[in-house]
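Engineer: Provided below: run_25.cif, containing mmCIF, C-alpha atoms.
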```
data_model
#
loop_
_atom_site.label_atom_id
_atom_site.label_comp_id
_atom_site.auth_asym_id
_atom_site.auth_seq_id
_atom_site.Cartn_x
_atom_site.Cartn_y
_atom_site.Cartn_z
CA MET A 1399 67.42 10.07 54.65
CA LYS A 1400 67.37 9.36 50.92
CA ASN A 1401 63.56 9.73 50.80
CA THR A 1402 63.71 13.12 52.53
CA PHE A 1403 66.32 14.35 50.07
CA LEU A 1404 64.25 13.14 47.08
CA LYS A 1405 61.07 14.90 48.28
CA LEU A 1406 63.01 18.17 48.84
CA SER A 1407 64.48 18.01 45.32
CA LEU A 1408 61.08 17.50 43.70
CA PHE A 1409 59.56 20.41 45.67
CA LEU A 1410 62.33 22.85 44.61
CA PHE A 1411 62.02 21.69 40.95
CA GLY A 1412 58.23 22.32 41.01
CA ILE A 1413 58.69 25.89 42.31
CA TYR A 1414 61.28 26.57 39.61
CA SER A 1415 58.99 25.22 36.84
CA ILE A 1416 55.98 27.31 37.87
CA SER A 1417 58.01 30.50 38.10
CA HIS A 1418 59.56 29.84 34.69
CA LEU A 1419 56.23 29.24 32.97
CA THR A 1420 54.64 32.35 34.54
CA SER A 1421 57.49 34.49 33.29
CA CYS A 1422 56.72 33.41 29.70
CA ASN A 1423 53.21 34.91 29.85
CA GLU A 1424 53.13 37.49 32.55
CA VAL A 1425 50.20 39.42 30.99
CA PRO A 1426 46.96 37.44 30.31
CA VAL A 1427 45.86 37.39 26.63
CA GLU A 1428 42.45 38.96 26.05
CA ILE A 1429 40.15 36.83 23.79
CA PRO A 1430 37.11 38.77 22.50
CA LEU A 1431 33.87 36.82 23.12
CA VAL A 1432 30.64 37.46 21.22
CA GLN A 1433 27.46 37.15 23.23
CA ASP A 1434 25.82 33.86 22.10
CA THR A 1435 22.28 35.15 21.62
CA LEU A 1436 19.59 32.79 20.25
CA THR A 1437 16.79 34.41 18.26
CA VAL A 1438 13.66 32.36 17.58
CA TYR A 1439 11.30 33.04 14.67
CA SER A 1440 8.12 31.53 13.31
CA LEU A 1441 6.96 31.36 9.71
CA SER A 1442 3.50 30.25 8.61
CA SER A 1443 1.88 29.59 5.25
CA ASN A 1444 -0.89 31.92 6.41
CA ASP A 1445 1.61 34.77 6.14
CA ALA A 1446 3.93 33.63 3.33
CA ALA A 1447 3.63 31.50 0.18
CA LEU A 1448 5.37 28.43 1.60
CA ILE A 1449 3.13 25.98 -0.32
CA THR A 1450 3.70 27.18 -3.87
CA SER A 1451 1.72 24.56 -5.77
CA LYS A 1452 -0.20 21.31 -5.56
CA SER A 1453 -0.43 18.55 -8.16
CA GLN A 1454 -2.63 15.46 -8.26
CA HIS A 1455 -1.40 12.14 -9.62
CA TYR A 1456 -3.46 9.16 -10.77
CA LYS A 1457 -2.15 5.79 -11.88
CA GLU A 1458 -4.21 2.73 -12.66
CA LEU A 1459 -2.97 -0.15 -10.53
CA ASP A 1460 -1.43 -3.25 -11.97
CA GLY A 1461 -3.43 -6.05 -10.38
CA PRO A 1462 -2.07 -6.44 -6.84
CA PHE A 1463 -0.45 -9.87 -7.03
CA ASN A 1464 -0.51 -12.62 -4.39
CA MET A 1465 -1.56 -10.29 -1.62
CA GLN A 1466 -3.21 -11.19 1.67
CA PHE A 1467 -6.50 -9.60 0.61
CA GLN A 1468 -8.54 -9.44 -2.60
CA LEU A 1469 -11.35 -7.03 -3.41
CA LEU A 1470 -14.46 -8.22 -5.26
CA GLY A 1471 -17.71 -6.43 -6.03
CA ARG A 1472 -19.19 -3.22 -7.33
CA SER A 1473 -20.45 0.02 -5.80
CA ASN A 1474 -21.51 2.86 -8.10
CA ASN A 1475 -18.45 3.67 -10.22
CA TYR A 1476 -16.11 1.49 -8.18
CA LYS A 1477 -15.54 -2.18 -8.98
CA SER A 1478 -13.04 -5.01 -8.67
CA HIS A 1479 -12.68 -8.47 -10.22
CA VAL A 1480 -10.44 -11.34 -9.07
CA LEU A 1481 -8.41 -14.14 -10.68
CA TYR A 1482 -7.34 -17.31 -8.84
CA ARG A 1483 -5.16 -20.25 -9.81
CA PHE A 1484 -5.14 -23.48 -7.78
CA PHE A 1485 -2.86 -26.45 -7.27
CA GLY A 1486 -3.11 -29.90 -5.73
CA LEU A 1487 -4.90 -31.78 -8.50
CA PRO A 1488 -4.31 -35.54 -8.23
CA LYS A 1489 -2.70 -37.08 -11.30
CA ASP A 1490 -4.62 -40.35 -11.22
CA MET A 1491 -8.25 -39.28 -11.67
CA SER A 1492 -8.60 -38.86 -15.41
CA TYR A 1493 -11.09 -41.73 -15.42
CA ILE A 1494 -13.47 -39.95 -13.00
CA SER A 1495 -16.96 -39.21 -14.32
CA GLU A 1496 -19.23 -36.33 -13.44
CA LEU A 1497 -21.34 -38.66 -11.32
CA ASP A 1498 -18.27 -39.50 -9.24
CA ILE A 1499 -17.89 -35.85 -8.21
CA LYS A 1500 -20.15 -35.47 -5.20
CA GLU A 1501 -19.11 -31.90 -4.40
CA ALA A 1502 -17.16 -29.04 -6.00
CA THR A 1503 -17.37 -25.92 -3.84
CA LEU A 1504 -15.38 -22.68 -3.90
CA TYR A 1505 -14.70 -21.27 -0.42
CA LEU A 1506 -14.11 -17.53 -0.02
CA PHE A 1507 -13.31 -16.14 3.44
CA PRO A 1508 -14.53 -12.54 3.85
CA ASP A 1509 -12.64 -9.92 5.81
CA LYS A 1510 -14.64 -7.42 7.89
CA TYR A 1511 -13.90 -4.54 5.49
CA THR A 1512 -16.64 -3.67 2.98
CA PHE A 1513 -17.18 -0.64 0.77
CA GLY A 1514 -20.48 0.63 -0.60
CA ASP A 1515 -23.77 -0.76 0.66
CA THR A 1516 -22.71 -1.63 4.21
CA THR A 1517 -26.34 -1.96 5.32
CA ASN A 1518 -27.87 -4.52 2.95
CA PHE A 1519 -24.61 -5.97 1.56
CA GLU A 1520 -26.14 -6.78 -1.81
CA GLN A 1521 -23.50 -8.77 -3.69
CA GLU A 1522 -23.47 -10.45 -7.09
CA PHE A 1523 -20.66 -12.06 -9.04
CA THR A 1524 -20.12 -14.81 -11.58
CA VAL A 1525 -17.31 -17.40 -11.80
CA HIS A 1526 -15.62 -18.23 -15.11
CA GLU A 1527 -12.91 -20.46 -16.47
CA VAL A 1528 -9.81 -18.38 -17.31
CA LEU A 1529 -8.07 -18.69 -20.67
CA ASP A 1530 -4.83 -16.83 -19.95
CA SER A 1531 -2.08 -16.73 -17.36
CA ILE A 1532 -2.32 -14.41 -14.36
CA SER A 1533 0.23 -11.60 -14.66
CA ARG A 1534 1.42 -9.06 -12.12
CA PHE A 1535 1.82 -6.53 -14.93
CA ASN A 1536 -1.80 -6.20 -16.03
CA SER A 1537 -4.15 -3.45 -14.89
CA PHE A 1538 -7.94 -3.45 -15.04
CA SER A 1539 -8.03 -1.87 -18.50
CA ASP A 1540 -5.49 -4.39 -19.81
CA ILE A 1541 -8.02 -7.18 -19.21
CA PHE A 1542 -11.50 -5.63 -19.11
CA ASP A 1543 -13.26 -3.01 -21.19
CA ALA A 1544 -15.54 -0.32 -19.76
CA ASN A 1545 -18.43 -2.81 -19.67
CA ASP A 1546 -16.32 -5.49 -17.95
CA ASN A 1547 -16.10 -7.68 -21.05
CA THR A 1548 -12.90 -9.67 -21.45
CA SER A 1549 -11.44 -12.21 -23.85
CA ILE A 1550 -9.77 -14.26 -21.12
CA PHE A 1551 -13.02 -15.48 -19.52
CA ASN A 1552 -14.58 -18.63 -20.90
CA TYR A 1553 -17.97 -20.03 -19.98
CA GLN A 1554 -19.57 -19.42 -16.59
CA VAL A 1555 -18.94 -22.13 -14.00
CA GLY A 1556 -20.59 -20.63 -10.91
CA GLU A 1557 -22.39 -17.62 -9.45
CA PHE A 1558 -23.28 -15.85 -6.23
CA SER A 1559 -26.19 -13.53 -5.59
CA GLY A 1560 -27.45 -12.42 -2.23
CA LYS A 1561 -26.47 -10.81 1.06
CA ALA A 1562 -22.72 -10.76 1.60
CA GLU A 1563 -22.39 -9.52 5.16
CA PRO A 1564 -19.04 -10.74 6.52
CA LYS A 1565 -19.17 -12.86 9.66
CA ASP A 1566 -16.34 -14.40 11.64
CA SER A 1567 -14.95 -17.60 10.09
CA ILE A 1568 -18.05 -18.14 7.92
CA PRO A 1569 -17.01 -18.55 4.27
CA PHE A 1570 -19.01 -17.83 1.17
CA LYS A 1571 -19.68 -21.10 -0.65
CA ILE A 1572 -20.14 -21.20 -4.42
CA GLU A 1573 -20.92 -24.39 -6.30
CA ILE A 1574 -18.54 -24.95 -9.25
CA ASP A 1575 -19.50 -26.66 -12.50
CA LYS A 1576 -18.29 -30.26 -12.34
CA GLN A 1577 -17.42 -30.26 -16.03
CA LEU A 1578 -14.62 -27.83 -15.26
CA ILE A 1579 -13.28 -30.15 -12.56
CA LEU A 1580 -13.36 -33.05 -15.03
CA LYS A 1581 -11.31 -30.95 -17.45
CA TRP A 1582 -8.78 -30.27 -14.72
CA PHE A 1583 -8.53 -33.97 -13.81
CA THR A 1584 -7.93 -34.86 -17.46
CA PHE A 1585 -5.18 -32.27 -17.85
CA ALA A 1586 -3.52 -33.14 -14.54
CA ALA A 1587 -2.85 -36.65 -15.84
CA LYS A 1588 -0.90 -35.16 -18.80
CA GLU A 1589 0.62 -32.12 -17.10
CA ASP A 1590 3.97 -33.62 -16.11
CA SER A 1591 4.75 -34.88 -19.61
CA ILE A 1592 3.82 -31.52 -21.18
CA ARG A 1593 5.83 -29.60 -18.59
CA SER A 1594 8.89 -31.80 -19.13
CA ILE A 1595 8.92 -30.76 -22.81
CA TRP A 1596 8.57 -27.08 -21.85
CA THR A 1597 11.48 -27.22 -19.42
CA ASP A 1598 13.75 -29.25 -21.71
CA SER A 1599 15.96 -26.83 -23.65
CA THR A 1600 16.53 -29.44 -26.37
CA LYS A 1601 12.81 -29.71 -27.14
CA THR A 1602 10.13 -27.32 -28.39
CA LEU A 1603 6.60 -27.29 -27.03
CA ASP A 1604 4.02 -26.90 -29.78
CA LEU A 1605 2.02 -23.91 -28.58
CA THR A 1606 -0.40 -24.10 -31.48
CA LYS A 1607 -2.10 -26.87 -29.53
CA ALA A 1608 -4.65 -25.64 -27.00
CA GLU A 1609 -3.78 -28.50 -24.66
CA ASN A 1610 -0.17 -27.34 -24.46
CA ARG A 1611 -1.11 -23.69 -23.98
CA TYR A 1612 -3.37 -24.78 -21.12
CA LEU A 1613 -0.21 -25.47 -19.12
CA PHE A 1614 0.10 -21.74 -18.44
CA HIS A 1615 -3.42 -21.08 -17.21
CA SER A 1616 -4.66 -24.46 -15.99
CA TYR A 1617 -6.75 -24.67 -12.83
CA SER A 1618 -7.67 -20.99 -13.02
CA ILE A 1619 -10.96 -19.18 -12.44
CA GLY A 1620 -12.06 -15.56 -12.61
CA LEU A 1621 -14.68 -13.85 -10.45
CA LYS A 1622 -16.46 -10.92 -12.07
CA ALA A 1623 -18.64 -8.47 -10.14
CA GLY A 1624 -22.20 -8.35 -11.46
CA GLN A 1625 -24.21 -5.29 -12.40
CA ASN A 1626 -26.55 -5.81 -9.44
CA SER A 1627 -23.76 -5.76 -6.91
CA LYS A 1628 -23.88 -2.80 -4.53
CA VAL A 1629 -21.03 -3.70 -2.21
CA ILE A 1630 -17.34 -4.52 -2.51
CA ASN A 1631 -16.13 -7.29 -0.22
CA ARG A 1632 -12.55 -7.92 0.80
CA PHE A 1633 -11.55 -11.58 1.01
CA ILE A 1634 -8.71 -13.07 3.02
CA ASN A 1635 -6.06 -15.00 1.12
CA ARG A 1636 -3.15 -15.72 3.45
CA SER A 1637 0.26 -16.38 1.95
CA ASP A 1638 0.57 -19.41 4.23
CA LEU A 1639 -0.99 -22.08 2.04
CA ASP A 1640 -1.74 -24.33 5.01
CA THR A 1641 -3.92 -21.83 6.79
CA LEU A 1642 -7.66 -22.33 7.07
CA TYR A 1643 -8.37 -18.93 5.55
CA ASN A 1644 -6.79 -19.54 2.18
CA THR A 1645 -9.15 -19.43 -0.81
CA GLN A 1646 -9.81 -23.04 -1.79
CA ILE A 1647 -11.99 -25.44 -3.73
CA LYS A 1648 -13.31 -28.44 -1.85
CA LEU A 1649 -13.84 -31.61 -3.89
CA VAL A 1650 -15.54 -34.76 -2.71
CA VAL A 1651 -14.90 -37.55 -5.22
CA ASN A 1652 -15.97 -41.17 -5.26
CA LYS A 1653 -12.75 -43.02 -5.94
CA ALA A 1654 -12.96 -46.80 -6.17
CA GLY A 1655 -16.20 -46.82 -4.21
CA LYS A 1656 -14.92 -44.56 -1.43
CA ASP A 1657 -15.51 -40.84 -0.99
CA THR A 1658 -12.25 -38.88 -1.00
CA THR A 1659 -12.02 -35.21 0.03
CA ILE A 1660 -9.53 -33.04 -1.84
CA TYR A 1661 -8.76 -29.38 -1.12
CA LEU A 1662 -7.34 -27.35 -4.00
CA LYS A 1663 -5.39 -24.47 -2.47
CA ASN A 1664 -4.89 -21.12 -4.15
CA SER A 1665 -1.34 -20.64 -5.45
CA ILE A 1666 -1.59 -17.45 -7.54
CA SER A 1667 -4.07 -14.61 -7.25
CA ALA A 1668 -4.59 -11.04 -8.40
CA TYR A 1669 -7.44 -8.58 -8.16
CA TYR A 1670 -8.18 -5.77 -10.57
CA PRO A 1671 -9.75 -2.71 -8.95
CA PHE A 1672 -11.13 0.22 -10.84
CA ALA A 1673 -11.84 3.69 -9.49
CA PRO A 1674 -12.46 6.55 -11.93
CA GLU A 1675 -9.83 9.25 -12.08
CA ILE A 1676 -10.74 12.17 -9.82
CA GLU A 1677 -10.90 15.49 -11.62
CA GLU A 1678 -8.27 17.80 -10.19
CA ASP A 1679 -9.34 21.02 -8.54
CA ASP A 1680 -8.12 23.12 -5.63
CA ASP A 1681 -8.78 20.40 -3.08
CA ILE A 1682 -6.50 17.52 -2.07
CA TYR A 1683 -7.55 13.94 -2.91
CA LEU A 1684 -6.10 10.63 -1.78
CA GLN A 1685 -7.37 7.17 -2.72
CA GLY A 1686 -5.68 3.79 -2.41
CA THR A 1687 -7.08 1.46 -5.06
CA GLY A 1688 -7.66 4.45 -7.31
CA ARG A 1689 -3.97 5.24 -6.75
CA THR A 1690 -4.57 8.94 -6.34
CA ARG A 1691 -1.85 10.84 -4.51
CA THR A 1692 -1.13 14.54 -4.07
CA GLN A 1693 2.21 16.31 -4.18
CA PHE A 1694 2.99 19.67 -2.56
CA ASP A 1695 5.76 21.98 -3.74
CA PHE A 1696 7.28 23.84 -0.78
CA ASP A 1697 9.43 26.99 -0.87
CA ILE A 1698 11.00 27.85 2.49
CA SER A 1699 13.85 29.91 1.00
CA GLU A 1700 12.67 32.90 3.05
CA ILE A 1701 14.38 31.21 6.00
CA PRO A 1702 18.12 32.05 5.98
CA PRO A 1703 20.28 29.09 4.91
CA LEU A 1704 21.74 26.94 7.66
CA SER A 1705 19.22 28.14 10.22
CA ALA A 1706 18.25 25.68 12.90
CA ILE A 1707 14.75 24.29 12.19
CA LEU A 1708 13.44 23.73 15.70
CA SER A 1709 10.03 22.35 14.78
CA CYS A 1710 7.76 22.07 11.79
CA GLN A 1711 4.26 20.79 11.22
CA LEU A 1712 1.90 20.49 8.26
CA GLU A 1713 -1.82 20.54 9.05
CA LEU A 1714 -4.61 19.37 6.72
CA THR A 1715 -8.38 19.56 7.27
CA LEU A 1716 -10.59 16.70 6.08
CA ASP A 1717 -13.78 17.45 4.17
CA THR A 1718 -15.89 14.75 5.79
CA ASN A 1719 -19.00 15.52 3.74
CA ASN A 1720 -17.27 14.76 0.46
CA SER A 1721 -14.99 11.92 1.47
CA GLU A 1722 -15.99 8.26 1.07
CA PHE A 1723 -15.19 5.47 3.49
CA GLY A 1724 -15.98 1.80 3.90
CA SER A 1725 -17.08 -0.12 6.97
CA PHE A 1726 -13.85 0.60 8.87
CA GLY A 1727 -14.38 4.34 8.60
CA ARG A 1728 -11.51 6.69 8.01
CA SER A 1729 -8.05 6.05 9.31
CA ILE A 1730 -6.47 8.32 11.90
CA TYR A 1731 -3.32 8.21 9.77
CA ILE A 1732 -2.20 9.30 6.34
CA ALA A 1733 1.38 8.99 5.13
CA GLY A 1734 3.93 11.14 3.36
CA ALA A 1735 7.45 11.24 1.96
CA SER A 1736 9.85 13.44 0.07
CA SER A 1737 9.67 12.74 -3.66
CA GLU A 1738 13.45 13.19 -3.81
CA ASP A 1739 13.43 9.54 -2.80
CA PRO A 1740 12.71 7.61 -6.04
CA PHE A 1741 10.74 5.03 -4.05
CA PHE A 1742 8.18 7.68 -3.10
CA THR A 1743 7.47 9.58 -6.28
CA PRO A 1744 3.74 10.06 -6.91
CA GLU A 1745 3.74 7.33 -9.58
CA SER A 1746 5.94 4.81 -7.75
CA ASP A 1747 4.78 1.28 -6.97
CA ASN A 1748 6.92 1.19 -3.86
CA LEU A 1749 5.66 -1.19 -1.21
CA GLY A 1750 8.10 -0.13 1.47
CA THR A 1751 7.65 1.95 4.60
CA TRP A 1752 6.43 5.54 4.41
CA PRO A 1753 8.74 7.67 6.57
CA TYR A 1754 6.24 10.32 7.76
CA LEU A 1755 2.80 10.03 9.32
CA ALA A 1756 0.04 12.55 9.87
CA VAL A 1757 -2.19 11.80 12.84
CA ALA A 1758 -5.75 12.99 13.34
CA ASN A 1759 -6.20 15.35 16.28
CA ASP A 1760 -7.94 13.74 19.27
CA SER A 1761 -10.01 16.83 20.03
CA ILE A 1762 -10.53 17.96 16.41
CA PRO A 1763 -10.62 14.69 14.39
CA ASP A 1764 -10.87 16.48 11.04
CA LYS A 1765 -7.38 17.96 11.55
CA TYR A 1766 -4.48 15.75 10.41
CA THR A 1767 -1.01 16.92 11.41
CA PHE A 1768 2.45 15.88 10.19
CA SER A 1769 4.49 16.78 13.25
CA ASN A 1770 7.60 14.74 12.40
CA ILE A 1771 8.81 16.48 9.23
CA THR A 1772 11.30 18.78 10.96
CA PRO A 1773 14.37 16.85 9.69
CA LEU A 1774 13.02 17.06 6.14
CA MET A 1775 12.59 20.85 6.32
CA ASP A 1776 16.03 21.15 7.88
CA SER A 1777 17.56 19.26 4.94
CA TRP A 1778 15.83 21.58 2.45
CA ASN A 1779 17.06 24.64 4.36
CA ARG A 1780 20.62 23.36 3.94
CA LYS A 1781 20.14 23.27 0.17
CA GLU A 1782 18.00 25.61 -1.93
CA GLY A 1783 15.08 25.91 0.47
CA LYS A 1784 12.74 24.04 -1.86
CA GLY A 1785 11.30 20.53 -1.92
CA GLN A 1786 8.38 18.29 -2.81
CA PHE A 1787 6.24 16.23 -0.45
CA VAL A 1788 3.98 13.34 -1.53
CA LEU A 1789 0.82 12.41 0.38
CA SER A 1790 -0.53 8.86 0.47
CA PRO A 1791 -3.73 7.36 1.96
CA ALA A 1792 -1.77 4.52 3.58
CA ARG A 1793 -3.28 3.59 6.95
CA GLY A 1794 0.06 3.71 8.70
CA THR A 1795 3.54 3.25 7.26
CA SER A 1796 2.80 0.16 5.10
CA ALA A 1797 2.18 0.90 1.44
CA LEU A 1798 0.71 -2.59 1.02
CA VAL A 1799 -2.29 -1.52 3.07
CA GLU A 1800 -2.91 1.43 0.77
CA LEU A 1801 -3.89 -0.90 -2.07
CA THR A 1802 -6.68 -2.74 -0.26
CA TYR A 1803 -9.04 0.17 0.48
CA PHE A 1804 -11.35 2.06 -1.87
CA ASP A 1805 -11.64 4.84 0.73
CA LYS A 1806 -11.33 8.35 -0.71
CA TYR A 1807 -10.02 11.26 1.37
CA LYS A 1808 -10.76 14.84 0.39
CA PHE A 1809 -8.91 17.63 2.21
CA PHE A 1810 -9.63 21.32 1.78
CA GLY A 1811 -7.33 23.22 -0.58
CA SER A 1812 -5.27 26.38 -0.35
CA ASN A 1813 -7.98 28.66 -1.75
CA ASN A 1814 -10.79 27.65 0.58
CA PRO A 1815 -12.73 30.74 1.77
CA ASP A 1816 -12.29 29.58 5.35
CA ILE A 1817 -8.61 30.18 6.08
CA SER A 1818 -8.74 27.80 9.08
CA LYS A 1819 -9.42 24.88 6.69
CA ARG A 1820 -6.54 25.55 4.33
CA PRO A 1821 -3.34 23.49 4.46
CA LYS A 1822 -1.07 25.12 7.00
CA LEU A 1823 2.69 24.83 7.25
CA LEU A 1824 4.19 26.26 10.45
CA ILE A 1825 7.95 26.42 10.96
CA ILE A 1826 9.80 27.47 14.12
CA TYR A 1827 13.47 28.22 13.52
CA SER A 1828 16.40 30.10 15.01
CA LYS A 1829 19.36 32.00 13.66
CA ARG A 1830 22.38 33.66 15.19
CA PRO A 1831 23.49 37.26 14.62
CA ASN A 1832 26.37 37.76 12.20
CA ILE A 1833 29.79 37.79 13.85
#
```
Using the file provided, produce a representation of the structure as structure tokens.
Structural biologist:
Amino acid sequence: MKNTFLKLSLFLFGIYSISHLTSCNEVPVEIPLVQDTLTVYSLSSNDAALITSKSQHYKELDGPFNMQFQLLGRSNNYKSHVLYRFFGLPKDMSYISELDIKEATLYLFPDKYTFGDTTNFEQEFTVHEVLDSISRFNSFSDIFDANDNTSIFNYQVGEFSGKAEPKDSIPFKIEIDKQLILKWFTFAAKEDSIRSIWTDSTKTLDLTKAENRYLFHSYSIGLKAGQNSKVINRFINRSDLDTLYNTQIKLVVNKAGKDTTIYLKNSISAYYPFAPEIEEDDDIYLQGTGRTRTQFDFDISEIPPLSAILSCQLELTLDTNNSEFGSFGRSIYIAGASSEDPFFTPESDNLGTWPYLAVANDSIPDKYTFSNITPLMDSWNRKEGKGQFVLSPARGTSALVELTYFDKYKFFGSNNPDISKRPKLLIIYSKRPNI
């Protein structure tokens, strides 16, 4: 009985509540609605000056330091020399004579990439003792003059001349002067005592003595490309010092009547590439070891602020007849970034990840298209409608890779007579009518 009464009470209360609420708003309120119409537009650099200017930037590289690859050789106006420092000298062989050294061989492990004469692979280089420390802050011109002369190379201790075609796992072997190895053995016996003075803050190392200065460049050699070289080889130098493919010197020494094999592993390395600065003209040039990049200035202020950038692509056309590539051929990628990011200014030494990639067209390989720059254009539209975009020859997103190729890309410029070859920026955007 109680349940029936409760249900009846709730029903009557519900009817009362609905009637009361309806009486508060008997006439519906009219809310004016504007038709939500989307208008789509396109804007192309063929019809408007969206690419306002182009600038070319060249910076001589500081010797790429302790990288996985080193470049060595010469081809026309391109060249590269290498410095290596080794470790692992035994401390107890100062008594060894030249006759006790049965073998002293430098092993270089070539990568498949070559630049220049990729048919005959004519290579020539000399090996020298080095008289200065290896620095990450030196460029080619800091060490060598235009004729490749340098004050940091001492006498020649080895040489290579012949065909340098890279083959799997087959190293180049260069015999090293045994007198240099004897010098290293002699210093190794004294090194710890000299180093202890250098690291002791209460003592002063007499740097007027050549023996003490040798502490900073001991066990070092330099490889200089010869004038008869017609190819640039790239050599593997893995950061893992235990790997087979690390540059090394093999020693076989008669110690107490028994032959002992010693491998001196590379601990510090740098190569010093040189590529002449490319004279700027209307065309677009990119080169890795020559550190040539191009920057575009964009002006998309014709698009109303706060429009929705639906898609955007930048297309470049490669001039294959005037580009230069090594044995790997051209890459299907080039990279780009906004220079608003200080890591990606044209002169930056950033070794991070490039955020944008252009990919060569499958059906038209000479066409490279940045199809992922829509967010960048959208950010510029939300500001002043202007921005700068830097192009890099990186073969993918890694800037490290950029430094190990002499390949030169030439793309057609904005004033090319053939409009289909000019750089083309195409933007699809939408805007709403004013309310």
Engineer: Would you mind telling me which residue in A:Gly1486, A:Glu1678, A:Pro1763, A:Leu1621 lies nearest to A:Lys1663 when using all atoms listed in the file?
Structural biologist: A:Gly1486
Engineer: Would you pick out the contacts of stretch 1782-1788 of chain A at 12 Å or less, using only C-alpha atoms, so that residues sharing its chain but fewer than 5 positions from it are not included, and give the list as an NGL selection string?
Structural biologist: :A and (1447-1455 or 1682-1684 or 1690-1705 or 1707 or 1712 or 1732-1746 or 1752-1755 or 1768 or 1771 or 1774-1777)
Engineer: Between A:Tyr1553, A:Ala1544, A:Ser1478, A:Tyr1456, which residue has the minimum interatomic distance to A:Glu1677, considering all atoms listed in the file?
Structural biologist: A:Tyr1456
Engineer: Which of these, A:Thr1584, A:Thr1503, A:Ser1549, A:Gln1466, has the shortest distance to A:Leu1487 once you count all atoms listed in the file?
Structural biologist: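 Residue with the minimum atom-to-atom distance to A:Leu1487: A:Thr1584.
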Engineer: For stretch 1444-1446 of chain A, work out the shell of residues within 10 Å, counting only C-alpha atoms and skipping chain neighbours fewer than 6 positions away, then give it as a ChimeraX atom specification.
Structural biologist: /A:1697-1698,1700,1812,1817-1818,1820-1824
Engineer: Which polymer residues have any atom within 6 Å of an atom of stretch 1513-1520 of chain A, counting all atoms listed in the file, with same-chain residues fewer than 6 positions away left out, as a PyMOL selection string?
Structural biologist: chain A and resi 1473+1560-1563+1627-1630+1724
Engineer: Once the PyMOL selection byres ((chain A and resi 1652) around 9) has been evaluated on this model, what residues remain selected, and can you format them as a ChimeraX atom specification?
Structural biologist: /A:1494,1497-1500,1650-1651,1653-1659
Engineer: So that each row is one residue of stretch 1615-1671 of chain A with an atom at most 8 Å from stretch 1522-1527 of chain A, can you give its shortest atom pair and the distance in Å to one decimal, using all atoms listed in the file, rows by chain and rising number, as a tab-separated table?
Structural biologist:
```
residue	atom	partner	partner_atom	distance
A:Ser1618	CA	A:Glu1527	CA	6.3
A:Ile1619	CA	A:Glu1527	CA	4.7
A:Gly1620	CA	A:His1526	CA	5.1
A:Leu1621	CA	A:Val1525	CA	4.6
A:Lys1622	CA	A:Phe1523	CA	5.3
A:Ala1623	CA	A:Phe1523	CA	4.3
A:Gly1624	CA	A:Phe1523	CA	4.7
A:Gln1625	CA	A:Glu1522	CA	7.4
A:Asn1626	CA	A:Glu1522	CA	6.0
A:Ser1627	CA	A:Glu1522	CA	4.7
```
Engineer: Please produce a file of the residues just selected, as an mmCIF file, in the frame of the given file, where the atoms kept are C-alpha atoms.
Structural biologist:
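Produced file again07.cif, reproduced below:
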```cif
data_model
loop_
_atom_site.group_PDB
_atom_site.id
_atom_site.type_symbol
_atom_site.label_atom_id
_atom_site.label_comp_id
_atom_site.auth_asym_id
_atom_site.auth_seq_id
_atom_site.Cartn_x
_atom_site.Cartn_y
_atom_site.Cartn_z
ATOM 1 C CA SER A 1618 -7.670 -20.990 -13.020
ATOM 2 C CA ILE A 1619 -10.960 -19.180 -12.440
ATOM 3 C CA GLY A 1620 -12.060 -15.560 -12.610
ATOM 4 C CA LEU A 1621 -14.680 -13.850 -10.450
ATOM 5 C CA LYS A 1622 -16.460 -10.920 -12.070
ATOM 6 C CA ALA A 1623 -18.640 -8.470 -10.140
ATOM 7 C CA GLY A 1624 -22.200 -8.350 -11.460
ATOM 8 C CA GLN A 1625 -24.210 -5.290 -12.400
ATOM 9 C CA ASN A 1626 -26.550 -5.810 -9.440
ATOM 10 C CA SER A 1627 -23.760 -5.760 -6.910
#
```
Engineer: I would like the residues chosen by the PyMOL selection byres ((chain A and resi 1672) around 6) on the shown file; could you give them as a PyMOL selection string?
Structural biologist: chain A and resi 1476-1478+1671+1673
Engineer: Could you add N, CA and C atoms to stretch 1707-1712 of chain A and give me the result as a PDB file, keeping the file's coordinate frame?
Structural biologist:
```
ATOM      1  N   ILE A1707      16.191  24.530  12.206  1.00  0.00           N
ATOM      2  CA  ILE A1707      14.750  24.290  12.190  1.00  0.00           C
ATOM      3  C   ILE A1707      14.393  23.567  13.487  1.00  0.00           C
ATOM      4  N   LEU A1708      13.749  24.285  14.378  1.00  0.00           N
ATOM      5  CA  LEU A1708      13.440  23.730  15.700  1.00  0.00           C
ATOM      6  C   LEU A1708      12.220  22.826  15.681  1.00  0.00           C
ATOM      7  N   SER A1709      11.209  23.197  14.918  1.00  0.00           N
ATOM      8  CA  SER A1709      10.030  22.350  14.780  1.00  0.00           C
ATOM      9  C   SER A1709       9.281  22.753  13.517  1.00  0.00           C
ATOM     10  N   CYS A1710       8.526  21.809  13.001  1.00  0.00           N
ATOM     11  CA  CYS A1710       7.760  22.070  11.790  1.00  0.00           C
ATOM     12  C   CYS A1710       6.566  21.137  11.763  1.00  0.00           C
ATOM     13  N   GLN A1711       5.427  21.650  11.361  1.00  0.00           N
ATOM     14  CA  GLN A1711       4.260  20.790  11.220  1.00  0.00           C
ATOM     15  C   GLN A1711       3.409  21.245  10.040  1.00  0.00           C
ATOM     16  N   LEU A1712       2.811  20.253   9.383  1.00  0.00           N
ATOM     17  CA  LEU A1712       1.900  20.490   8.260  1.00  0.00           C
ATOM     18  C   LEU A1712       0.521  19.994   8.684  1.00  0.00           C
TER      19      LEU A1712
END
```
